[in-house]
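The file entry.cif contains mmCIF, C-alpha atoms; chains and numbers go by the auth columns:
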```
data_target
#
loop_
_atom_site.group_PDB
_atom_site.id
_atom_site.type_symbol
_atom_site.label_atom_id
_atom_site.label_comp_id
_atom_site.label_asym_id
_atom_site.label_seq_id
_atom_site.Cartn_x
_atom_site.Cartn_y
_atom_site.Cartn_z
_atom_site.B_iso_or_equiv
_atom_site.auth_seq_id
_atom_site.auth_asym_id
ATOM 1 C CA MET A 1 127.933 102.411 192.890 0.00 78 R
ATOM 2 C CA ASN A 2 125.759 101.378 189.989 0.00 79 R
ATOM 3 C CA PRO A 3 127.734 100.655 186.815 0.00 80 R
ATOM 4 C CA LEU A 4 127.751 103.224 184.039 0.00 81 R
ATOM 5 C CA ASP A 5 126.074 102.617 180.704 0.00 82 R
ATOM 6 C CA LEU A 6 129.058 102.081 178.404 0.00 83 R
ATOM 7 C CA ALA A 7 126.804 101.856 175.344 0.00 84 R
ATOM 8 C CA TYR A 8 125.505 105.379 176.092 0.00 85 R
ATOM 9 C CA ILE A 9 129.000 106.725 176.692 0.00 86 R
ATOM 10 C CA ASN A 10 130.445 105.150 173.557 0.00 87 R
ATOM 11 C CA ARG A 11 127.505 106.258 171.424 0.00 88 R
ATOM 12 C CA LEU A 12 128.143 109.919 172.295 0.00 89 R
ATOM 13 C CA ALA A 13 131.803 110.210 173.308 0.00 90 R
ATOM 14 C CA PRO A 14 134.509 110.946 170.741 0.00 91 R
ATOM 15 C CA TYR A 15 136.888 108.435 172.361 0.00 92 R
ATOM 16 C CA LYS A 16 136.119 104.792 173.047 0.00 93 R
ATOM 17 C CA VAL A 17 135.698 104.023 176.752 0.00 94 R
ATOM 18 C CA TRP A 18 136.057 100.646 178.416 0.00 95 R
ATOM 19 C CA THR A 19 136.155 99.404 181.976 0.00 96 R
ATOM 20 C CA GLU A 20 138.403 97.019 183.827 0.00 97 R
ATOM 21 C CA ASN A 21 136.461 96.567 187.038 0.00 98 R
ATOM 22 C CA GLY A 22 133.248 98.594 186.863 0.00 99 R
ATOM 23 C CA CYS A 23 134.714 101.526 188.830 0.00 100 R
ATOM 24 C CA ASP A 24 137.586 102.583 186.563 0.00 101 R
ATOM 25 C CA TYR A 25 136.912 103.706 183.015 0.00 102 R
ATOM 26 C CA LEU A 26 139.751 103.882 180.503 0.00 103 R
ATOM 27 C CA ILE A 27 140.251 106.205 177.548 0.00 104 R
ATOM 28 C CA GLU A 28 143.021 106.106 174.973 0.00 105 R
ATOM 29 C CA THR A 29 143.439 109.420 173.170 0.00 106 R
ATOM 30 C CA ASN A 30 144.613 110.235 169.655 0.00 107 R
ATOM 31 C CA TYR A 31 147.891 111.268 171.304 0.00 108 R
ATOM 32 C CA ASP A 32 148.575 107.701 172.537 0.00 109 R
ATOM 33 C CA LEU A 33 147.817 108.696 176.113 0.00 110 R
ATOM 34 C CA LEU A 34 145.851 106.479 178.457 0.00 111 R
ATOM 35 C CA PHE A 35 143.550 108.088 181.029 0.00 112 R
ATOM 36 C CA LYS A 36 141.765 106.388 183.884 0.00 113 R
ATOM 37 C CA ILE A 37 138.541 107.937 185.114 0.00 114 R
ATOM 38 C CA GLY A 38 137.521 106.427 188.399 0.00 115 R
ATOM 39 C CA PHE A 39 134.954 106.528 191.140 0.00 116 R
ATOM 40 C CA MET A 40 135.226 105.361 194.727 0.00 117 R
ATOM 41 C CA ASP A 41 133.037 105.678 197.787 0.00 118 R
ATOM 42 C CA ASP A 42 133.786 108.823 199.749 0.00 119 R
ATOM 43 C CA TYR A 43 132.768 109.131 203.396 0.00 120 R
ATOM 44 C CA SER A 44 134.630 112.359 204.155 0.00 121 R
ATOM 45 C CA ILE A 45 131.458 114.451 204.468 0.00 122 R
ATOM 46 C CA TRP A 46 128.455 112.201 203.860 0.00 123 R
ATOM 47 C CA GLN A 47 127.886 108.723 205.264 0.00 124 R
ATOM 48 C CA SER A 48 126.491 107.453 201.972 0.00 125 R
ATOM 49 C CA GLY A 49 125.725 108.567 198.450 0.00 126 R
ATOM 50 C CA ALA A 50 129.003 110.369 197.756 0.00 127 R
ATOM 51 C CA TYR A 51 131.758 109.306 195.422 0.00 128 R
ATOM 52 C CA GLN A 52 135.198 110.647 194.747 0.00 129 R
ATOM 53 C CA PHE A 53 135.855 111.153 191.065 0.00 130 R
ATOM 54 C CA TYR A 54 139.388 111.217 189.695 0.00 131 R
ATOM 55 C CA ILE A 55 141.183 111.570 186.391 0.00 132 R
ATOM 56 C CA ASN A 56 144.616 109.945 186.151 0.00 133 R
ATOM 57 C CA ASN A 57 147.014 110.239 183.242 0.00 134 R
ATOM 58 C CA GLU A 58 148.264 106.655 183.250 0.00 135 R
ATOM 59 C CA SER A 59 150.849 107.460 180.570 0.00 136 R
ATOM 60 C CA HIS A 60 152.580 110.041 182.790 0.00 137 R
ATOM 61 C CA ARG A 61 153.316 112.211 179.758 0.00 138 R
ATOM 62 C CA PRO A 62 152.099 115.762 179.097 0.00 139 R
ATOM 63 C CA SER A 63 148.681 115.946 177.538 0.00 140 R
ATOM 64 C CA PRO A 64 147.817 118.554 174.924 0.00 141 R
ATOM 65 C CA ASN A 65 144.587 120.512 175.187 0.00 142 R
ATOM 66 C CA ASP A 66 142.296 117.749 173.935 0.00 143 R
ATOM 67 C CA GLU A 67 138.657 118.673 173.304 0.00 144 R
ATOM 68 C CA LYS A 68 137.822 115.021 172.656 0.00 145 R
ATOM 69 C CA LEU A 69 139.126 114.032 176.087 0.00 146 R
ATOM 70 C CA LYS A 70 137.052 116.763 177.729 0.00 147 R
ATOM 71 C CA ALA A 71 133.907 115.664 175.871 0.00 148 R
ATOM 72 C CA THR A 72 134.521 112.019 176.816 0.00 149 R
ATOM 73 C CA VAL A 73 135.024 112.888 180.498 0.00 150 R
ATOM 74 C CA PHE A 74 131.693 114.738 180.560 0.00 151 R
ATOM 75 C CA ARG A 75 129.900 111.816 178.887 0.00 152 R
ATOM 76 C CA ILE A 76 131.229 109.660 181.725 0.00 153 R
ATOM 77 C CA ILE A 77 129.989 112.203 184.299 0.00 154 R
ATOM 78 C CA GLU A 78 126.562 112.264 182.631 0.00 155 R
ATOM 79 C CA ALA A 79 126.433 108.464 182.705 0.00 156 R
ATOM 80 C CA PHE A 80 127.441 108.511 186.379 0.00 157 R
ATOM 81 C CA PHE A 81 124.538 110.775 187.297 0.00 158 R
ATOM 82 C CA ALA A 82 122.094 108.775 185.148 0.00 159 R
ATOM 83 C CA ALA A 83 122.991 105.651 187.132 0.00 160 R
ATOM 84 C CA ASN A 84 123.781 107.268 190.497 0.00 161 R
ATOM 85 C CA PRO A 85 121.851 110.445 191.317 0.00 162 R
ATOM 86 C CA ASP A 86 124.318 111.165 194.073 0.00 163 R
ATOM 87 C CA ILE A 87 127.254 113.440 194.868 0.00 164 R
ATOM 88 C CA LEU A 88 130.610 113.645 193.127 0.00 165 R
ATOM 89 C CA LEU A 89 133.717 115.073 194.735 0.00 166 R
ATOM 90 C CA TYR A 90 136.618 115.825 192.429 0.00 167 R
ATOM 91 C CA ILE A 91 139.938 116.001 194.282 0.00 168 R
ATOM 92 C CA CYS A 92 142.933 117.117 192.228 0.00 169 R
ATOM 93 C CA GLU A 93 145.916 114.768 192.412 0.00 170 R
ATOM 94 C CA THR A 94 148.814 116.351 194.324 0.00 171 R
ATOM 95 C CA GLY A 95 151.770 114.071 193.559 0.00 172 R
ATOM 96 C CA ASP A 96 153.554 116.442 191.185 0.00 173 R
ATOM 97 C CA GLY A 97 152.513 119.815 192.622 0.00 174 R
ATOM 98 C CA ARG A 98 150.293 120.624 189.612 0.00 175 R
ATOM 99 C CA GLN A 99 146.964 120.447 191.442 0.00 176 R
ATOM 100 C CA ALA A 100 146.204 124.178 190.933 0.00 177 R
ATOM 101 C CA PHE A 101 146.646 123.712 187.182 0.00 178 R
ATOM 102 C CA ARG A 102 144.369 120.645 187.214 0.00 179 R
ATOM 103 C CA SER A 103 141.729 122.541 189.161 0.00 180 R
ATOM 104 C CA ARG A 104 141.763 125.487 186.750 0.00 181 R
ATOM 105 C CA LEU A 105 141.611 123.130 183.759 0.00 182 R
ATOM 106 C CA PHE A 106 138.631 121.199 185.140 0.00 183 R
ATOM 107 C CA ILE A 107 136.783 124.421 186.000 0.00 184 R
ATOM 108 C CA ARG A 108 137.431 125.735 182.477 0.00 185 R
ATOM 109 C CA TRP A 109 136.209 122.423 181.016 0.00 186 R
ATOM 110 C CA PHE A 110 133.079 122.583 183.150 0.00 187 R
ATOM 111 C CA ASN A 111 132.353 126.215 182.282 0.00 188 R
ATOM 112 C CA ASN A 112 132.527 125.340 178.562 0.00 189 R
ATOM 113 C CA TYR A 113 130.471 122.152 178.929 0.00 190 R
ATOM 114 C CA ALA A 114 127.122 122.429 177.139 0.00 191 R
ATOM 115 C CA GLY A 115 125.258 120.516 179.877 0.00 192 R
ATOM 116 C CA ARG A 116 126.605 122.549 182.800 0.00 193 R
ATOM 117 C CA ASP A 117 123.218 124.095 183.576 0.00 194 R
ATOM 118 C CA ALA A 118 122.011 120.740 184.938 0.00 195 R
ATOM 119 C CA TYR A 119 124.693 120.749 187.662 0.00 196 R
ATOM 120 C CA VAL A 120 126.165 122.803 190.448 0.00 197 R
ATOM 121 C CA LEU A 121 129.951 122.941 190.589 0.00 198 R
ATOM 122 C CA GLN A 122 131.281 124.295 193.856 0.00 199 R
ATOM 123 C CA THR A 123 135.042 124.533 194.288 0.00 200 R
ATOM 124 C CA ALA A 124 137.281 124.794 197.325 0.00 201 R
ATOM 125 C CA GLU A 125 140.923 125.196 198.273 0.00 202 R
ATOM 126 C CA VAL A 126 142.270 123.785 201.514 0.00 203 R
ATOM 127 C CA GLN A 127 145.798 124.260 202.802 0.00 204 R
ATOM 128 C CA GLU A 128 147.179 121.158 204.538 0.00 205 R
ATOM 129 C CA GLY A 129 150.685 121.827 205.757 0.00 206 R
ATOM 130 C CA LYS A 130 152.708 122.869 202.735 0.00 207 R
ATOM 131 C CA THR A 131 150.237 121.373 200.274 0.00 208 R
ATOM 132 C CA LYS A 132 147.270 123.241 198.862 0.00 209 R
ATOM 133 C CA ASN A 133 144.466 120.857 197.934 0.00 210 R
ATOM 134 C CA PHE A 134 141.806 121.654 195.361 0.00 211 R
ATOM 135 C CA ALA A 135 138.395 120.039 195.396 0.00 212 R
ATOM 136 C CA ALA A 136 135.106 120.419 193.625 0.00 213 R
ATOM 137 C CA LEU A 137 131.606 119.289 194.457 0.00 214 R
ATOM 138 C CA ILE A 138 129.431 118.274 191.512 0.00 215 R
ATOM 139 C CA VAL A 139 125.745 117.660 192.130 0.00 216 R
ATOM 140 C CA GLN A 140 122.652 117.754 189.962 0.00 217 R
ATOM 141 C CA LYS A 141 120.449 120.806 190.405 0.00 218 R
ATOM 142 C CA SER A 142 117.484 118.418 190.483 0.00 219 R
ATOM 143 C CA ASN A 143 118.811 116.655 193.608 0.00 220 R
ATOM 144 C CA PRO A 144 116.105 117.070 196.288 0.00 221 R
ATOM 145 C CA ARG A 145 118.822 117.534 198.932 0.00 222 R
ATOM 146 C CA LEU A 146 120.718 120.197 196.960 0.00 223 R
ATOM 147 C CA LYS A 147 120.614 122.959 199.595 0.00 224 R
ATOM 148 C CA GLU A 148 121.584 120.551 202.369 0.00 225 R
ATOM 149 C CA ILE A 149 124.449 119.099 200.313 0.00 226 R
ATOM 150 C CA LEU A 150 125.840 122.544 199.457 0.00 227 R
ATOM 151 C CA SER A 151 125.556 123.647 203.074 0.00 228 R
ATOM 152 C CA GLU A 152 127.349 120.556 204.389 0.00 229 R
ATOM 153 C CA PHE A 153 130.124 120.983 201.817 0.00 230 R
ATOM 154 C CA ASP A 154 130.579 124.663 202.720 0.00 231 R
ATOM 155 C CA GLU A 155 130.588 123.862 206.432 0.00 232 R
ATOM 156 C CA THR A 156 133.199 121.128 206.021 0.00 233 R
ATOM 157 C CA ILE A 157 135.445 123.330 203.868 0.00 234 R
ATOM 158 C CA SER A 158 135.109 126.139 206.410 0.00 235 R
ATOM 159 C CA ILE A 159 136.179 123.815 209.227 0.00 236 R
ATOM 160 C CA LEU A 160 139.153 122.523 207.206 0.00 237 R
ATOM 161 C CA THR A 161 140.184 126.013 206.128 0.00 238 R
ATOM 162 C CA ASN A 162 139.994 127.493 209.598 0.00 239 R
ATOM 163 C CA LYS A 163 141.440 124.627 211.654 0.00 240 R
ATOM 164 C CA PRO A 164 144.338 125.576 213.908 0.00 241 R
ATOM 165 C CA GLU A 165 147.778 124.392 212.813 0.00 242 R
#
```

As structure tokens, the full file:
Amino acid sequence: MNPLDLAYINRLAPYKVWTENGCDYLIETNYDLLFKIGFMDDYSIWQSGAYQFYINNESHRPSPNDEKLKATVFRIIEAFFAANPDILLYICETGDGRQAFRSRLFIRWFNNYAGRDAYVLQTAEVQEGKTKNFAALIVQKSNPRLKEILSEFDETISILTNKPE
């Protein structure tokens, strides 16, 4: 993954962003909460050019509805696509059983994001045993492989949703 332009992010984002290792980006909010936004290679559907995107509350305390956090997260996403015109998969963390809430929150954030028209957001729910997983595909509408990417995502979700138990 190409590194993100921190100068761009920090010029436009309401919260300061810094990196520890070039793949994890940290944000400290006005509520003294620390969030880690990260990217890692994902080979679950595509053999290259796909990254898993995650948002972790490193403080492990409830976060209020924070418009500045939302705006900062989308500046990071914009910087990702400027440096890596690839595919993002957002998988909601399942450790505390609040993945449905996280999915709804991210979808609401995306639907209120001013730059949303440049991207396709496709969501999915997959039941694995007793756990329901929530995922989203984020890809630029200008991606020359857009139709193929959407088709492969749909096909994979269909296989996972309809697999025998």

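Shortest separation to Gln217 of chain R among R:Glu232, R:Asp109, R:Thr200, R:Ile164 occurs at residue R:Ile164, atoms counted being all atoms listed in the file.
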
Using only C-alpha atoms, which protein or nucleic acid residues come within 8 Å of Tyr102 of chain R? Drop anything in the same chain fewer than 3 positions from it, and give the result as a ChimeraX atom specification.
/R:94-97,99,113-115

Please build the interface table for segment 147-177 of chain R against segment 119-125 of chain R with a cut-off of 10 Å, listing for each qualifying residue the nearest atom pair and the distance in Å to one decimal; count all atoms listed in the file, order rows by chain and increasing number, and write it as a tab-separated table.
```
residue	atom	partner	partner_atom	distance
R:Asp163	CA	R:Ser125	CA	9.0
R:Ile164	CA	R:Trp123	CA	9.2
R:Leu165	CA	R:Asp119	CA	8.8
R:Leu166	CA	R:Asp119	CA	8.0
```

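Minimum atom-to-atom distance to His137 of chain R, evaluated using only C-alpha atoms, belongs to R:Leu110 out of R:Ala160, R:Ala177, R:Ile86, R:Leu110.
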
Figure out the distance between atom CA of Trp186 of chain R and atom CA of Glu229 of chain R, please, to one decimal in Å.
25.1 Å

note - atom CA of Leu111 of chain R and atom CA of Val150 of chain R are separated by 12.7 Å

Can you list what the PyMOL selection byres ((chain R and resi 187-193) around 10) grabs from this structure, as a ChimeraX atom specification?
/R:147-148,151-152,155,181-186,194-198,217-218

Taking C-alpha atoms for each residue, export the selection above as a short mmCIF file (atom, residue, chain, number, x, y, z; two decimals), in the frame of the given file.
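Output below, filename selection01.cif:
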```cif
data_model
loop_
_atom_site.label_atom_id
_atom_site.label_comp_id
_atom_site.auth_asym_id
_atom_site.auth_seq_id
_atom_site.Cartn_x
_atom_site.Cartn_y
_atom_site.Cartn_z
CA LYS R 147 137.05 116.76 177.73
CA ALA R 148 133.91 115.66 175.87
CA PHE R 151 131.69 114.74 180.56
CA ARG R 152 129.90 111.82 178.89
CA GLU R 155 126.56 112.26 182.63
CA ARG R 181 141.76 125.49 186.75
CA LEU R 182 141.61 123.13 183.76
CA PHE R 183 138.63 121.20 185.14
CA ILE R 184 136.78 124.42 186.00
CA ARG R 185 137.43 125.74 182.48
CA TRP R 186 136.21 122.42 181.02
CA ASP R 194 123.22 124.10 183.58
CA ALA R 195 122.01 120.74 184.94
CA TYR R 196 124.69 120.75 187.66
CA VAL R 197 126.16 122.80 190.45
CA LEU R 198 129.95 122.94 190.59
CA GLN R 217 122.65 117.75 189.96
CA LYS R 218 120.45 120.81 190.40
#
```

Please identify all polymer residues lying at most 12 Å from the point (149.6, 107.0, 186.8) (file coordinates), using all atoms listed in the file, and present the result as a PyMOL selection string.
chain R and resi 110-114+131-139+170+172-173

Please produce a file of the residues just selected, as an mmCIF file, in the frame of the given file, where the atoms kept are C-alpha atoms.
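The result, stored in out-v2.cif:
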```
data_model
loop_
_atom_site.group_PDB
_atom_site.id
_atom_site.type_symbol
_atom_site.label_atom_id
_atom_site.label_comp_id
_atom_site.auth_asym_id
_atom_site.auth_seq_id
_atom_site.Cartn_x
_atom_site.Cartn_y
_atom_site.Cartn_z
ATOM 1 C CA LEU R 110 147.817 108.696 176.113
ATOM 2 C CA LEU R 111 145.851 106.479 178.457
ATOM 3 C CA PHE R 112 143.550 108.088 181.029
ATOM 4 C CA LYS R 113 141.765 106.388 183.884
ATOM 5 C CA ILE R 114 138.541 107.937 185.114
ATOM 6 C CA TYR R 131 139.388 111.217 189.695
ATOM 7 C CA ILE R 132 141.183 111.570 186.391
ATOM 8 C CA ASN R 133 144.616 109.945 186.151
ATOM 9 C CA ASN R 134 147.014 110.239 183.242
ATOM 10 C CA GLU R 135 148.264 106.655 183.250
ATOM 11 C CA SER R 136 150.849 107.460 180.570
ATOM 12 C CA HIS R 137 152.580 110.041 182.790
ATOM 13 C CA ARG R 138 153.316 112.211 179.758
ATOM 14 C CA PRO R 139 152.099 115.762 179.097
ATOM 15 C CA GLU R 170 145.916 114.768 192.412
ATOM 16 C CA GLY R 172 151.770 114.071 193.559
ATOM 17 C CA ASP R 173 153.554 116.442 191.185
#
```

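Of the listed residues (R:Ala156, R:Ala212, R:Thr106, R:Ile168), R:Thr106 comes nearest to Ser140 of chain R; the distances count all atoms listed in the file.
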
Taking only C-alpha atoms into account, name the residue in R:Thr149, R:Asn161, R:Gln129, R:Thr208 that is nearest to Leu89 of chain R.
R:Thr149
